[in-house]
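Q: Below is a structure I'd like to ask you about.
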Amino acid sequence: MPETRPDTPLIDAEPLTAAQPLAGAGPLPDAGPLAGAAGRRAHPALVMLGIVLASLNMRAALAGVSPLMGEIGDHFHLAAAASSLVTTIPLVFMGLGSIVAPRLARRWGTEAVLCGALVLLAAGILLRVTPPVVALFVGCALVGTAIALLNVLMPGLVKRDFPDRAASMTALYSTTLILGATGAAATSVPLENALGGWQGSLASWALLAVVAALVWLPQAAAGRRGTGRGTTAATPRRADGAGTSLMRSPLAWQVTLLMGTQSLIAYVCIAWMPTVFTDHGMSKSQAGMVYAFYTLVQMAGSFVVPMLAGRMSDQRPLAVAVVALMASGVTGLLIAPVAGAWVWATLMGVAQGGLLGLALTLMVLRTRDAQTAARLSGMAQTWGYLLASVGPFAIGAVHQATGDWTLPVALLLVACTALLFLGLGAGRNRKI
């Protein structure tokens with residue numbers, strides 16, 4: 001895979017269109033997944049509003065489940081292993097659904113797929129609360145698939161419509177994503193009390209998805225009118241074959257594994273952090289507060305790190321700093337989990353948000369155009385979330401085998417070591 005020289009601009013000055021072919025590229029009739037119909041794109045303010053509303057939905061439907069797991073399991077008479085599928089199935093389908101996202105965008109247009117994903121998300125949320133237990137698991141699969149489409153298409157959309165503000169827009173949507181998760185986790189129990197049960201609490205998040213879909217609907221319709229068959233304006237491929245070689249690119253795999261490893265740590269913390277605290281003597285209520293705080297402070301890292309990354313031609317120092325912050329928090333959790341719980345939650349939360357923001361930003365900064373950004377996003381989130389889905393089960397199995405949290409938490413330090421090397425590779429000033 002050819003690499004750019006160090007003096008190559010970090011972000012393209014303007015989006016790639018059919019009128020701006022790459023050197024040596026011949027005319028191609030097919031559509032790229034993210035190129036918009038000329039003259040028919042929505043106003044940037046409307047696109048930004050759509051991005052914010054879509055981002056609020058990208059984790060809320062998942063985060064709102066965790067505080068209600070006990071009630072869901074009791075209602076359906078599920079054993080502990082079966083109950084864990086409520087969080088594992090969406091994660092698996094977040095990986096599998098990422099495979100088809102670029103193809104759907106090429107066929108129907110990015111805006112239409114985003115709108116459809118939000119409708120699918122609302123349907124999956126509502127299906128989870130219907131009586132048959134099979135509907136619960138099918139709904140979880142639909143929720144994961146819908147989130148996968150949103151995950152994959154967002155970096156390419158940012159690269160296309162905000163090419164000179166890609167880092168700041170990534171900071172906006174990654175922070176909004178975490179805000180949605182924090183709000184869902186914090187309000188799920190109050191909503192349960194207000195609406196008379198866990199079903200009402202979970203179903204309420206379908207309303208947010210519907211509102212976001214309504215914002216994207218006119219943009220989807222305009223895109224289809226502008227192209228005639230749902231696809232978007234032609235985006236030329238590279239004559240050197242770069243369009244088919246992501247799987248052979250070391251840089252693409254470094255970004256992919258960075259995304260996957262940080263997601264693994266994130267979902268291990270979602271599954272087990274409160275249990276680590278309670279098993280060391282902390283009350284459940286306090287453990288819940290510490291975990292909520294850990295989620296909240298992720299917004300700081302997810303906003304600051306992409307902004308800094310966009311101002312740097314080489315993101316390796318930033319990657320080292322964020323990984324060191326995570327490793328410090330994990331070490332503290334290993335040595336004195338209760339005594340320094342708030343400190344460790346702060347360090348790990350800021351680092352976790354920063355790692356997510358860095359991974360999403362690198363999908364944009366390490367690519368030359370919107371089409372490649374979307375394809376790299378699809379690759380990174382397909383393999384990344386499949387890797388992440390192993391984490392909670394593996395850590396739980398090690399804990400069950402050892403009867404202690406020392407080795408499971410220590411394994412997170414191994415993941416931090418992997419993140420360090422991946423960040424040093426993906427942070428170099430190169431492009432796919």
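Chain labels follow the order of the structure tokens: the first chain is A, the next B, and so on; residue numbering restarts at 1 in every chain, and ligands are counted from 1 in their shown order.
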List the spatial neighbours of Ala82 in chain A as JSON, numbers by chain - criterion: any atom at most 12 Å away, only C-alpha atoms, same-chain residues fewer than 4 positions off excluded.
A: {"A": [69, 70, 72, 73, 74, 76, 77, 78, 86, 87, 88, 89, 133, 134, 136, 137]}
Q: Can you list every residue in range 159-329 of chain A that DSSP puts in alpha helix (DSSP H), as number ranges by chain?
A: A: 159-161, 166-195, 198-203, 205-227, 250-279, 284-310, 316-329
Q: Compile the contact shell of Gly116 in chain A as a ChimeraX atom specification: residues with an atom at most 12 Å away, counting only C-alpha atoms, same-chain residues fewer than 6 positions apart removed.
A: /A:54,101,104-105,108-110,122-123,142,145-147,149-150,209-210,212-217,219-221
Q: Excluding range 393-408 of chain A and its own-chain neighbours fewer than 5 positions away, which residues fall within 8 Å of it when counting only C-alpha atoms? Please give them as a VMD selection string.
A: chain A and resid 268 272 276 334
Q: Provide the CA of Ser83 in chain A to CA of Leu386 in chain A distance in Å, to one decimal place.
A: 19.1 Å
Q: Could I get the residues of range 43-149 of chain A with an atom no further than 12 Å from an atom of range 292-300 of chain A, each paired with its nearest atom pair and that distance in Å to one decimal, using only C-alpha atoms, sorted by chain and residue number, as a Markdown table?
A:
| residue | atom | partner | partner_atom | distance |
| --- | --- | --- | --- | --- |
| A:Arg59 | CA | A:Thr295 | CA | 11.7 |
| A:Ala63 | CA | A:Thr295 | CA | 10.0 |
| A:Gly64 | CA | A:Ala292 | CA | 11.9 |
| A:Ser66 | CA | A:Ala292 | CA | 11.5 |
| A:Pro67 | CA | A:Ala292 | CA | 10.7 |
Q: What does the file look like for those residues with all heavy atoms, as a PDB file, in the first residue's frame?
A:
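So the final result, stored in part-v9.pdb, reads:
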ATOM      1  N   ARG A  59     -25.431   4.639  21.375  1.00  0.00           N
ATOM      2  CA  ARG A  59     -25.153   3.804  22.543  1.00  0.00           C
ATOM      3  C   ARG A  59     -26.297   3.802  23.552  1.00  0.00           C
ATOM      4  O   ARG A  59     -26.301   2.970  24.466  1.00  0.00           O
ATOM      5  CB  ARG A  59     -23.875   4.269  23.249  1.00  0.00           C
ATOM      6  CG  ARG A  59     -22.597   4.074  22.477  1.00  0.00           C
ATOM      7  CD  ARG A  59     -22.272   2.632  22.209  1.00  0.00           C
ATOM      8  NE  ARG A  59     -21.017   2.497  21.485  1.00  0.00           N
ATOM      9  CZ  ARG A  59     -20.887   2.560  20.178  1.00  0.00           C
ATOM     10  NH1 ARG A  59     -21.960   2.764  19.409  1.00  0.00           N
ATOM     11  NH2 ARG A  59     -19.708   2.414  19.599  1.00  0.00           N
ATOM     12  N   ALA A  63     -26.807   1.193  26.655  1.00  0.00           N
ATOM     13  CA  ALA A  63     -26.499   1.608  28.020  1.00  0.00           C
ATOM     14  C   ALA A  63     -27.727   1.563  28.922  1.00  0.00           C
ATOM     15  O   ALA A  63     -27.606   1.354  30.132  1.00  0.00           O
ATOM     16  CB  ALA A  63     -25.907   3.024  28.016  1.00  0.00           C
ATOM     17  N   GLY A  64     -28.915   1.758  28.344  1.00  0.00           N
ATOM     18  CA  GLY A  64     -30.125   1.740  29.152  1.00  0.00           C
ATOM     19  C   GLY A  64     -30.520   0.359  29.639  1.00  0.00           C
ATOM     20  O   GLY A  64     -31.391   0.225  30.508  1.00  0.00           O
ATOM     21  N   SER A  66     -28.277  -2.130  30.943  1.00  0.00           N
ATOM     22  CA  SER A  66     -27.487  -2.658  32.057  1.00  0.00           C
ATOM     23  C   SER A  66     -28.136  -2.490  33.427  1.00  0.00           C
ATOM     24  O   SER A  66     -28.194  -3.445  34.204  1.00  0.00           O
ATOM     25  CB  SER A  66     -26.090  -2.019  32.044  1.00  0.00           C
ATOM     26  OG  SER A  66     -25.400  -2.375  30.867  1.00  0.00           O
ATOM     27  N   PRO A  67     -28.653  -1.310  33.787  1.00  0.00           N
ATOM     28  CA  PRO A  67     -29.260  -1.182  35.112  1.00  0.00           C
ATOM     29  C   PRO A  67     -30.544  -1.994  35.287  1.00  0.00           C
ATOM     30  O   PRO A  67     -31.024  -2.158  36.411  1.00  0.00           O
ATOM     31  CB  PRO A  67     -29.570   0.328  35.209  1.00  0.00           C
ATOM     32  CG  PRO A  67     -28.679   0.973  34.215  1.00  0.00           C
ATOM     33  CD  PRO A  67     -28.589  -0.014  33.092  1.00  0.00           C
TER      34      PRO A  67
END
Q: Set the distance at 12 Å and use only C-alpha atoms: which residues neighbour Val211 in chain A once local chain neighbours fewer than 5 positions away are removed? I'd like the list as a PyMOL selection string.
A: chain A and resi 49-50+52-54+56-57+115+118-119+121-122+204-206+216-217
Q: Using only C-alpha atoms, find each residue of range 68-176 of chain A with at least one atom at most 9 Å away from an atom of range 196-201 of chain A; report its shortest atom-to-atom pair and that distance in Å (one decimal), sort the rows by chain and rising residue number, and return the result as CSV.
A:
residue,atom,partner,partner_atom,distance
A:Leu68,CA,A:Trp198,CA,6.6
A:Glu71,CA,A:Trp198,CA,7.0
A:Ile72,CA,A:Trp198,CA,7.3
A:Leu126,CA,A:Gln199,CA,8.8
A:Arg128,CA,A:Gln199,CA,8.4
A:Val129,CA,A:Gln199,CA,5.3
A:Thr130,CA,A:Gln199,CA,8.3
Q: Dump N, CA and C atoms for the selected residues as an mmCIF file, in the first residue's frame?
A:
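Final output, again_31.cif:
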data_model
loop_
_atom_site.group_PDB
_atom_site.id
_atom_site.type_symbol
_atom_site.label_atom_id
_atom_site.label_comp_id
_atom_site.auth_asym_id
_atom_site.auth_seq_id
_atom_site.Cartn_x
_atom_site.Cartn_y
_atom_site.Cartn_z
ATOM 1 N N LEU A 68 -31.100 -2.492 34.183
ATOM 2 C CA LEU A 68 -32.373 -3.220 34.246
ATOM 3 C C LEU A 68 -32.199 -4.711 34.001
ATOM 4 N N GLU A 71 -34.238 -7.137 36.318
ATOM 5 C CA GLU A 71 -35.672 -7.186 36.033
ATOM 6 C C GLU A 71 -35.964 -7.938 34.732
ATOM 7 N N ILE A 72 -35.116 -7.725 33.713
ATOM 8 C CA ILE A 72 -35.318 -8.417 32.435
ATOM 9 C C ILE A 72 -35.150 -9.922 32.621
ATOM 10 N N LEU A 126 -38.316 -1.542 20.305
ATOM 11 C CA LEU A 126 -39.691 -1.927 20.653
ATOM 12 C C LEU A 126 -39.853 -3.440 20.677
ATOM 13 N N ARG A 128 -37.730 -5.611 21.617
ATOM 14 C CA ARG A 128 -37.135 -6.182 22.827
ATOM 15 C C ARG A 128 -38.116 -6.287 23.990
ATOM 16 N N VAL A 129 -39.167 -5.487 23.988
ATOM 17 C CA VAL A 129 -40.074 -5.468 25.142
ATOM 18 C C VAL A 129 -41.365 -6.228 24.873
ATOM 19 N N THR A 130 -41.465 -6.918 23.719
ATOM 20 C CA THR A 130 -42.660 -7.707 23.441
ATOM 21 C C THR A 130 -42.556 -9.060 24.149
#
Q: So, with only C-alpha atoms as the atoms that count, which of A:Ile99, A:Met363, A:Met94, A:Met48 lies closest to Ala309 in chain A?
A: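 Counting only C-alpha atoms, the residue closest to Ala309 in chain A is A:Met363.
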